[in-house]
Amino acid sequence: MPANSGKLQGVRETVTASMTPNGYQQITSLSSAVGLTDPATNGPSTIVSIQAETQNVRWRDDGTNPTASVGGILVANSVYEYTGDLSAIKFIEVTASAKLNVSYYI
């Protein structure tokens, strides 16, 4: 992983007590690469909890858009935690009808 890349890891569906909720986003249009939109209700978010719903989703955070066959994979109905540059990570569906549920935290 490049030095400026963040971390993406599988997590349990719990929120650490030290994390303050900072907004929510559901992304339903993933047929082309799409980034996150930090709602920043209490300042810039530093961590996100991401759930790929219905279908698997691919991601990249190295400045290149993912494709349906290239990039890290988010397995459908699993929850992942990402820490890093939220403006750098992008997602795309592997199969039509994927959704992302994103909870933002500071």
# chains A, B, ... in the order shown; residues from 1 in each chain; ligands from 1

$ residues_around --residues "Ile27 in chain A" --least-positions-apart "4" --cutoff "9 Å" --atoms "only C-alpha atoms" --output "mmCIF file with C-alpha atoms, in the first residue's frame"
data_model
loop_
_atom_site.group_PDB
_atom_site.id
_atom_site.type_symbol
_atom_site.label_atom_id
_atom_site.label_comp_id
_atom_site.auth_asym_id
_atom_site.auth_seq_id
_atom_site.Cartn_x
_atom_site.Cartn_y
_atom_site.Cartn_z
ATOM 1 C CA VAL A 34 -17.648 7.384 -6.991
ATOM 2 C CA LEU A 36 -17.419 9.847 -0.499
ATOM 3 C CA ALA A 98 -24.908 -2.505 -5.174
ATOM 4 C CA LYS A 99 -25.333 0.081 -2.419
ATOM 5 C CA LEU A 100 -22.925 1.518 0.131
ATOM 6 C CA ASN A 101 -24.017 2.583 3.601
ATOM 7 C CA VAL A 102 -21.428 4.932 5.065
#

$ select_by_dssp --residues "chain A" --states "strand (DSSP E or B)" --output "PyMOL selection string"
chain A and resi 7-10+21-27+34-35+41+43+47-53+57-60+72-74+79-83+90-93+99-105

$ write_last_selection --atoms "N, CA and C atoms" --output "tab-separated table (two decimals), in the first residue's frame"
chain	number	residue	atom	x	y	z
A	7	LYS	N	-6.29	2.76	5.69
A	7	LYS	CA	-6.51	1.38	6.05
A	7	LYS	C	-7.96	1.04	5.84
A	8	LEU	N	-8.20	-0.15	5.34
A	8	LEU	CA	-9.55	-0.66	5.22
A	8	LEU	C	-9.54	-2.04	5.82
A	9	GLN	N	-10.36	-2.28	6.79
A	9	GLN	CA	-10.35	-3.59	7.44
A	9	GLN	C	-11.75	-3.98	7.84
A	10	GLY	N	-11.99	-5.29	7.87
A	10	GLY	CA	-13.28	-5.79	8.33
A	10	GLY	C	-13.44	-5.53	9.81
A	21	PRO	N	-20.33	10.20	16.21
A	21	PRO	CA	-21.02	10.19	14.93
A	21	PRO	C	-20.96	11.56	14.26
A	22	ASN	N	-20.76	11.55	12.95
A	22	ASN	CA	-20.60	12.82	12.22
A	22	ASN	C	-21.37	12.83	10.90
A	23	GLY	N	-22.33	11.92	10.75
A	23	GLY	CA	-23.15	11.93	9.55
A	23	GLY	C	-23.27	10.56	8.91
A	24	TYR	N	-24.11	10.50	7.89
A	24	TYR	CA	-24.42	9.25	7.20
A	24	TYR	C	-24.64	9.53	5.72
A	25	GLN	N	-24.30	8.57	4.89
A	25	GLN	CA	-24.51	8.69	3.45
A	25	GLN	C	-24.84	7.31	2.91
A	26	GLN	N	-25.85	7.23	2.05
A	26	GLN	CA	-26.08	6.00	1.30
A	26	GLN	C	-25.80	6.30	-0.16
A	27	ILE	N	-24.93	5.49	-0.78
A	27	ILE	CA	-24.58	5.66	-2.18
A	27	ILE	C	-25.25	4.55	-2.96
A	34	VAL	N	-17.09	6.28	-7.76
A	34	VAL	CA	-17.65	7.38	-6.99
A	34	VAL	C	-16.91	7.49	-5.66
A	35	GLY	N	-16.74	8.73	-5.20
A	35	GLY	CA	-16.08	8.98	-3.92
A	35	GLY	C	-17.09	9.24	-2.82
A	41	THR	N	-20.71	17.28	9.77
A	41	THR	CA	-21.63	18.05	10.61
A	41	THR	C	-20.96	18.62	11.85
A	43	GLY	N	-17.32	18.98	11.98
A	43	GLY	CA	-15.93	19.07	11.56
A	43	GLY	C	-15.59	17.90	10.66
A	47	ILE	N	-12.78	8.92	10.16
A	47	ILE	CA	-12.97	7.48	10.02
A	47	ILE	C	-14.38	7.22	9.50
A	48	VAL	N	-14.52	6.16	8.70
A	48	VAL	CA	-15.85	5.78	8.21
A	48	VAL	C	-16.07	4.30	8.43
A	49	SER	N	-17.30	3.95	8.65
A	49	SER	CA	-17.74	2.56	8.69
A	49	SER	C	-18.55	2.35	7.42
A	50	ILE	N	-18.16	1.36	6.61
A	50	ILE	CA	-18.74	1.17	5.29
A	50	ILE	C	-19.36	-0.22	5.21
A	51	GLN	N	-20.61	-0.28	4.75
A	51	GLN	CA	-21.24	-1.56	4.48
A	51	GLN	C	-21.62	-1.63	3.01
A	52	ALA	N	-21.11	-2.65	2.32
A	52	ALA	CA	-21.54	-2.91	0.95
A	52	ALA	C	-22.82	-3.74	1.06
A	53	GLU	N	-23.91	-3.22	0.50
A	53	GLU	CA	-25.20	-3.90	0.61
A	53	GLU	C	-25.59	-4.49	-0.73
A	57	VAL	N	-18.49	-4.71	-3.82
A	57	VAL	CA	-18.03	-3.42	-4.33
A	57	VAL	C	-16.50	-3.44	-4.31
A	58	ARG	N	-15.86	-2.79	-5.30
A	58	ARG	CA	-14.40	-2.66	-5.31
A	58	ARG	C	-14.02	-1.24	-4.92
A	59	TRP	N	-12.79	-1.07	-4.40
A	59	TRP	CA	-12.32	0.24	-3.95
A	59	TRP	C	-10.85	0.42	-4.27
A	60	ARG	N	-10.45	1.69	-4.40
A	60	ARG	CA	-9.04	2.07	-4.50
A	60	ARG	C	-8.89	3.43	-3.84
A	72	GLY	N	-9.51	-3.37	-4.39
A	72	GLY	CA	-9.84	-4.18	-3.22
A	72	GLY	C	-11.32	-4.49	-3.23
A	73	ILE	N	-11.70	-5.59	-2.61
A	73	ILE	CA	-13.11	-5.99	-2.63
A	73	ILE	C	-13.75	-5.80	-1.26
A	74	LEU	N	-14.94	-5.23	-1.27
A	74	LEU	CA	-15.79	-5.16	-0.09
A	74	LEU	C	-16.88	-6.20	-0.31
A	79	VAL	N	-19.17	-5.28	7.11
A	79	VAL	CA	-18.88	-3.92	7.53
A	79	VAL	C	-17.38	-3.72	7.57
A	80	TYR	N	-16.90	-2.62	7.03
A	80	TYR	CA	-15.48	-2.29	6.98
A	80	TYR	C	-15.26	-0.92	7.58
A	81	GLU	N	-14.09	-0.73	8.15
A	81	GLU	CA	-13.69	0.56	8.72
A	81	GLU	C	-12.54	1.11	7.88
A	82	TYR	N	-12.62	2.39	7.51
A	82	TYR	CA	-11.55	3.02	6.73
A	82	TYR	C	-11.06	4.25	7.46
A	83	THR	N	-9.74	4.34	7.62
A	83	THR	CA	-9.11	5.53	8.15
A	83	THR	C	-8.08	5.97	7.12
A	90	LYS	N	-12.30	5.68	-3.63
A	90	LYS	CA	-13.41	5.61	-4.59
A	90	LYS	C	-13.90	4.17	-4.67
A	91	PHE	N	-15.15	4.02	-5.06
A	91	PHE	CA	-15.82	2.72	-5.09
A	91	PHE	C	-16.54	2.51	-6.41
A	92	ILE	N	-16.74	1.23	-6.78
A	92	ILE	CA	-17.53	0.87	-7.95
A	92	ILE	C	-18.16	-0.49	-7.68
A	93	GLU	N	-19.36	-0.71	-8.20
A	93	GLU	CA	-20.01	-1.99	-8.00
A	93	GLU	C	-19.40	-3.07	-8.89
A	99	LYS	N	-25.15	-1.14	-3.21
A	99	LYS	CA	-25.33	0.08	-2.42
A	99	LYS	C	-24.20	0.12	-1.40
A	100	LEU	N	-23.85	1.34	-0.99
A	100	LEU	CA	-22.93	1.52	0.13
A	100	LEU	C	-23.64	2.31	1.22
A	101	ASN	N	-23.54	1.85	2.45
A	101	ASN	CA	-24.02	2.58	3.60
A	101	ASN	C	-22.79	3.05	4.35
A	102	VAL	N	-22.64	4.36	4.50
A	102	VAL	CA	-21.43	4.93	5.07
A	102	VAL	C	-21.78	5.77	6.29
A	103	SER	N	-21.20	5.42	7.43
A	103	SER	CA	-21.35	6.21	8.66
A	103	SER	C	-20.03	6.91	8.92
A	104	TYR	N	-20.09	8.21	9.15
A	104	TYR	CA	-18.90	9.04	9.35
A	104	TYR	C	-18.71	9.32	10.83
A	105	TYR	N	-17.42	9.35	11.26
A	105	TYR	CA	-17.09	9.58	12.66
A	105	TYR	C	-15.88	10.50	12.79

$ closest_residue --among "A:Asn42, A:Thr37, A:Asn65, A:Asn56" --to "Leu86 in chain A" --atoms "only C-alpha atoms"
A:Thr37

$ atom_distance --atom1 "CA of Val75 in chain A" --atom2 "CA of Leu30 in chain A"
14.7 Å

$ atom_distance --atom1 "CA of Thr54 in chain A" --atom2 "CA of Ala88 in chain A"
23.9 Å

$ closest_residue --among "A:Gln55, A:Thr95, A:Ser45, A:Thr28" --to "Asn77 in chain A" --atoms "only C-alpha atoms"
A:Gln55

$ closest_residue --among "A:Ser18, A:Asp85, A:Thr46, A:Ala33" --to "Thr64 in chain A" --atoms "only C-alpha atoms"
A:Ala33
